[in-house]
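Coordinates as given in structure-v3.csv (CSV, C-alpha atoms):
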```
chain,number,residue,atom,x,y,z
Z,965,MET,CA,-78.7,-49.5,74.5
Z,966,SER,CA,-79.2,-45.8,74.6
Z,967,ASN,CA,-76.4,-43.4,73.9
Z,968,TYR,CA,-76.3,-39.8,75.0
Z,969,ILE,CA,-75.2,-36.5,73.3
Z,970,VAL,CA,-74.8,-33.7,75.7
Z,971,LEU,CA,-74.7,-30.2,74.3
Z,972,ALA,CA,-72.5,-27.8,76.2
Z,973,LYS,CA,-71.6,-24.1,75.6
Z,974,GLN,CA,-68.7,-22.0,76.6
Z,975,VAL,CA,-70.0,-18.7,78.0
Z,976,PRO,CA,-68.4,-15.7,79.7
Z,977,ASP,CA,-68.3,-15.9,83.4
Z,978,VAL,CA,-71.1,-13.5,84.2
Z,979,SER,CA,-70.5,-13.8,87.9
Z,980,GLN,CA,-67.3,-11.8,87.3
Z,981,ILE,CA,-68.8,-8.8,85.4
Z,982,THR,CA,-67.3,-5.4,86.2
Z,983,ASP,CA,-67.8,-2.0,84.6
Z,984,ASN,CA,-64.6,-2.7,82.5
Z,985,ALA,CA,-66.4,-5.7,80.9
Z,986,PHE,CA,-68.6,-3.4,78.7
Z,987,ASP,CA,-67.6,-1.4,75.6
Z,988,PRO,CA,-68.4,2.2,76.6
Z,989,LYS,CA,-69.4,3.2,73.0
Z,990,THR,CA,-71.8,0.3,72.3
Z,991,GLY,CA,-72.7,-0.8,75.8
Z,992,THR,CA,-72.2,-4.5,74.8
Z,993,LEU,CA,-70.2,-7.1,76.7
Z,994,VAL,CA,-66.6,-7.6,75.6
Z,995,ARG,CA,-66.3,-11.3,76.0
Z,996,SER,CA,-62.5,-11.3,75.9
Z,997,ARG,CA,-62.5,-9.3,79.2
Z,998,LEU,CA,-64.1,-12.1,81.1
Z,999,ALA,CA,-63.0,-15.7,81.8
Z,1000,SER,CA,-64.9,-18.4,80.0
Z,1001,VAL,CA,-66.8,-21.2,81.7
Z,1002,ILE,CA,-69.2,-23.9,80.9
Z,1003,ASN,CA,-72.8,-22.8,80.9
Z,1004,GLU,CA,-74.2,-23.6,84.3
Z,1005,LEU,CA,-77.4,-25.4,82.9
Z,1006,ASP,CA,-75.1,-27.6,80.8
Z,1007,THR,CA,-73.3,-28.9,83.9
Z,1008,HIS,CA,-76.7,-30.2,85.0
Z,1009,SER,CA,-77.1,-31.8,81.5
Z,1010,LEU,CA,-73.8,-33.7,82.0
Z,1011,ALA,CA,-75.0,-34.9,85.4
Z,1012,LEU,CA,-78.4,-36.0,84.0
Z,1013,ALA,CA,-76.8,-37.9,81.1
Z,1014,ASN,CA,-74.4,-39.6,83.5
Z,1015,ARG,CA,-77.3,-40.5,85.9
Z,1016,MET,CA,-79.4,-41.8,83.0
Z,1017,LYS,CA,-76.5,-44.0,81.8
Z,1018,SER,CA,-75.8,-45.2,85.3
Z,1019,GLU,CA,-79.5,-46.1,86.0
Z,1020,SER,CA,-79.8,-47.9,82.7
Z,1021,GLY,CA,-77.1,-50.3,83.8
Z,1022,ASP,CA,-75.7,-50.3,80.2
Z,1023,GLU,CA,-72.0,-50.0,80.6
Z,1024,LYS,CA,-71.6,-50.0,76.8
Z,1025,ALA,CA,-73.6,-46.8,76.4
Z,1026,LEU,CA,-71.6,-43.7,75.4
Z,1027,ILE,CA,-71.9,-40.1,76.5
Z,1028,VAL,CA,-70.6,-37.7,73.9
Z,1029,CYS,CA,-70.2,-34.0,74.7
Z,1030,LEU,CA,-70.7,-31.6,71.7
Z,1031,THR,CA,-69.9,-27.9,71.7
Z,1032,MET,CA,-69.8,-25.3,69.0
Z,1033,GLY,CA,-67.5,-22.4,69.4
Z,1034,PRO,CA,-64.0,-21.1,68.8
Z,1035,PRO,CA,-60.9,-23.4,69.4
Z,1036,MET,CA,-60.7,-22.2,73.0
Z,1037,ALA,CA,-64.1,-23.9,73.6
Z,1038,GLU,CA,-62.0,-27.0,73.9
Z,1039,GLU,CA,-61.9,-26.1,77.7
Z,1040,VAL,CA,-65.6,-27.0,78.0
Z,1041,LEU,CA,-64.9,-30.4,76.4
Z,1042,ARG,CA,-62.0,-31.1,78.7
Z,1043,TYR,CA,-64.3,-30.3,81.6
Z,1044,SER,CA,-66.9,-32.7,80.3
Z,1045,LEU,CA,-64.3,-35.4,79.9
Z,1046,SER,CA,-63.2,-34.9,83.5
Z,1047,ARG,CA,-66.8,-35.3,84.6
Z,1048,CYS,CA,-68.4,-38.2,82.7
Z,1049,THR,CA,-68.2,-38.1,79.0
Z,1050,ASP,CA,-66.5,-40.8,76.9
Z,1051,THR,CA,-65.6,-38.6,74.0
Z,1052,ALA,CA,-66.0,-35.0,73.0
Z,1053,VAL,CA,-66.6,-33.1,69.7
Z,1054,LEU,CA,-65.7,-29.5,68.9
Z,1055,LEU,CA,-67.6,-27.9,66.0
Z,1056,THR,CA,-65.5,-24.9,65.1
Z,1057,ASP,CA,-65.3,-22.6,62.1
Z,1058,LYS,CA,-64.9,-18.8,61.8
Z,1059,ALA,CA,-68.0,-18.8,59.6
Z,1060,LEU,CA,-70.1,-19.9,62.7
Z,1061,GLY,CA,-68.9,-16.9,64.8
Z,1062,GLY,CA,-71.8,-14.7,66.0
Z,1063,ALA,CA,-74.4,-17.2,64.8
Z,1064,ASP,CA,-78.0,-16.6,65.6
Z,1065,THR,CA,-80.2,-19.4,67.0
Z,1066,TRP,CA,-81.0,-21.0,63.6
Z,1067,ALA,CA,-77.4,-20.7,62.5
Z,1068,THR,CA,-76.4,-22.5,65.7
Z,1069,ALA,CA,-79.1,-25.2,65.7
Z,1070,ASN,CA,-78.6,-26.2,62.1
Z,1071,PRO,CA,-74.8,-27.1,62.3
Z,1072,LEU,CA,-75.4,-28.7,65.7
Z,1073,ALA,CA,-78.1,-30.9,64.2
Z,1074,PHE,CA,-75.7,-31.8,61.4
Z,1075,ALA,CA,-73.0,-32.7,63.9
Z,1076,ILE,CA,-75.4,-34.8,65.9
Z,1077,ARG,CA,-76.3,-36.8,62.7
Z,1078,LYS,CA,-72.6,-37.3,62.1
Z,1079,ILE,CA,-72.0,-38.5,65.7
Z,1080,VAL,CA,-74.9,-41.0,65.3
Z,1081,ARG,CA,-73.4,-42.2,62.0
Z,1082,GLU,CA,-69.7,-42.3,63.0
Z,1083,ILE,CA,-69.5,-42.7,66.8
Z,1084,PHE,CA,-72.7,-44.6,67.5
Z,1085,GLU,CA,-72.2,-46.6,64.3
Z,1086,GLY,CA,-75.7,-45.8,63.0
Z,1087,ASP,CA,-77.5,-46.7,66.3
Z,1088,THR,CA,-80.4,-44.3,66.5
Z,1089,ASP,CA,-81.3,-45.1,70.1
Z,1090,TYR,CA,-79.9,-41.9,71.7
Z,1091,TYR,CA,-80.9,-38.9,73.7
Z,1092,VAL,CA,-79.8,-35.3,73.2
Z,1093,VAL,CA,-79.5,-33.7,76.6
Z,1094,CYS,CA,-79.0,-29.9,76.9
Z,1095,GLY,CA,-79.6,-27.0,79.1
Z,1096,MET,CA,-82.8,-25.0,78.4
Z,1097,GLN,CA,-80.8,-21.9,77.5
Z,1098,SER,CA,-77.4,-20.2,78.0
Z,1099,VAL,CA,-76.6,-17.3,80.2
Z,1100,ASP,CA,-75.2,-15.3,77.3
Z,1101,GLY,CA,-78.2,-15.7,74.9
Z,1102,ASP,CA,-81.2,-16.4,77.1
Z,1103,THR,CA,-83.5,-17.2,74.1
Z,1104,ALA,CA,-84.1,-20.9,74.9
Z,1105,GLN,CA,-84.7,-21.4,71.1
Z,1106,VAL,CA,-81.7,-23.6,70.2
Z,1107,PRO,CA,-82.9,-26.9,71.8
Z,1108,PRO,CA,-86.3,-26.9,70.2
Z,1109,GLN,CA,-84.8,-25.8,66.9
Z,1110,ILE,CA,-82.4,-28.8,67.0
Z,1111,SER,CA,-85.3,-31.1,67.9
Z,1112,GLU,CA,-87.3,-29.8,64.9
Z,1113,GLU,CA,-84.2,-30.2,62.6
Z,1114,LEU,CA,-83.7,-33.8,63.8
Z,1115,LYS,CA,-87.4,-34.5,63.7
Z,1116,ILE,CA,-87.3,-35.9,67.3
Z,1117,PRO,CA,-89.5,-34.9,70.3
Z,1118,CYS,CA,-88.3,-32.0,72.4
```

Please render this file's structure as structure tokens.
Amino acid sequence: MSNYIVLAKQVPDVSQITDNAFDPKTGTLVRSRLASVINELDTHSLALANRMKSESGDEKALIVCLTMGPPMAEEVLRYSLSRCTDTAVLLTDKALGGADTWATANPLAFAIRKIVREIFEGDTDYYVVCGMQSVDGDTAQVPPQISEELKIPC
């Protein structure tokens, strides 16, 4: 039986950017001025995990959605639960705010290990499914960094 961990990220809705969305002094995006949505590539990850589970025919397999962010990132988890996930995990701590790619990948890898231990009851037959990158970071570094941290193929 294979289980699935889908990584999802809450991002600003960049389709709604206006001039008011930027700080005139710094030129940076003020996230609080935009609605938050699930990263588009992560919606495809949810669909892929659901399809993989369906095609495996294993009704006991679990799909867990994991996100790291502020408490309001719970919205992404609610969305994932409405789509296909069996359970959802929010990794949140003010210390994680503004994390770079390594400071994102490391706690996510730690959370994945905990999910495997506690939710999958130690079953190491699982897939981590995630979008290649997020619209608000565009580095595409977090998935391979998680892979390296977990010592699994990317």

Exercise: stretch 1057-1073 of chain Z partners within 6 Å, all atoms listed in the file, chain neighbours under 3 positions left out, as a PyMOL selection string: chain Z and resi 1076+1106+1109-1110

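Comparing the minimum interatomic distances between Z:Thr1051 and each of Z:Thr982, Z:Asn1003, Z:Thr990, Z:Thr1031, counting only C-alpha atoms, we find that Z:Thr1031 sits nearest.
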
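Proximity to Z:Ile1002 was assessed for Z:Ala985, Z:Ile969, Z:Ala1037, Z:Met1032 counting all atoms listed in the file; the smallest distance is recorded for Z:Ala1037.
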
Report as a list in words all protein, DNA and RNA residues lying within 10 Å of Z:Phe1084, evaluated on all atoms listed in the file, omitting residues in the same chain fewer than 3 positions from it. Ser966, Asn967, Tyr968, Ala1025, Leu1026, Val1028, Arg1077, Lys1078, Ile1079, Val1080, Arg1081, Asp1087, Thr1088, Asp1089 and Tyr1090 of chain Z

Please, what distance in Å, to one decimal, runs between atom CA of Z:Val1001 and atom CA of Z:Glu1019? 28.3 Å

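The nearest approach to Z:Ala1075 among the residues Z:Asp977, Z:Asp1006, Z:Glu1113, Z:Glu1023, with only C-alpha atoms taken into account, belongs to Z:Glu1113.
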
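The spacing separating atom CA of Z:Pro988 from atom CA of Z:Thr1103 amounts to 24.7 Å.
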
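Between atom CA of Z:Ser1018 and atom CA of Z:Arg1042 lies a distance of 20.8 Å.
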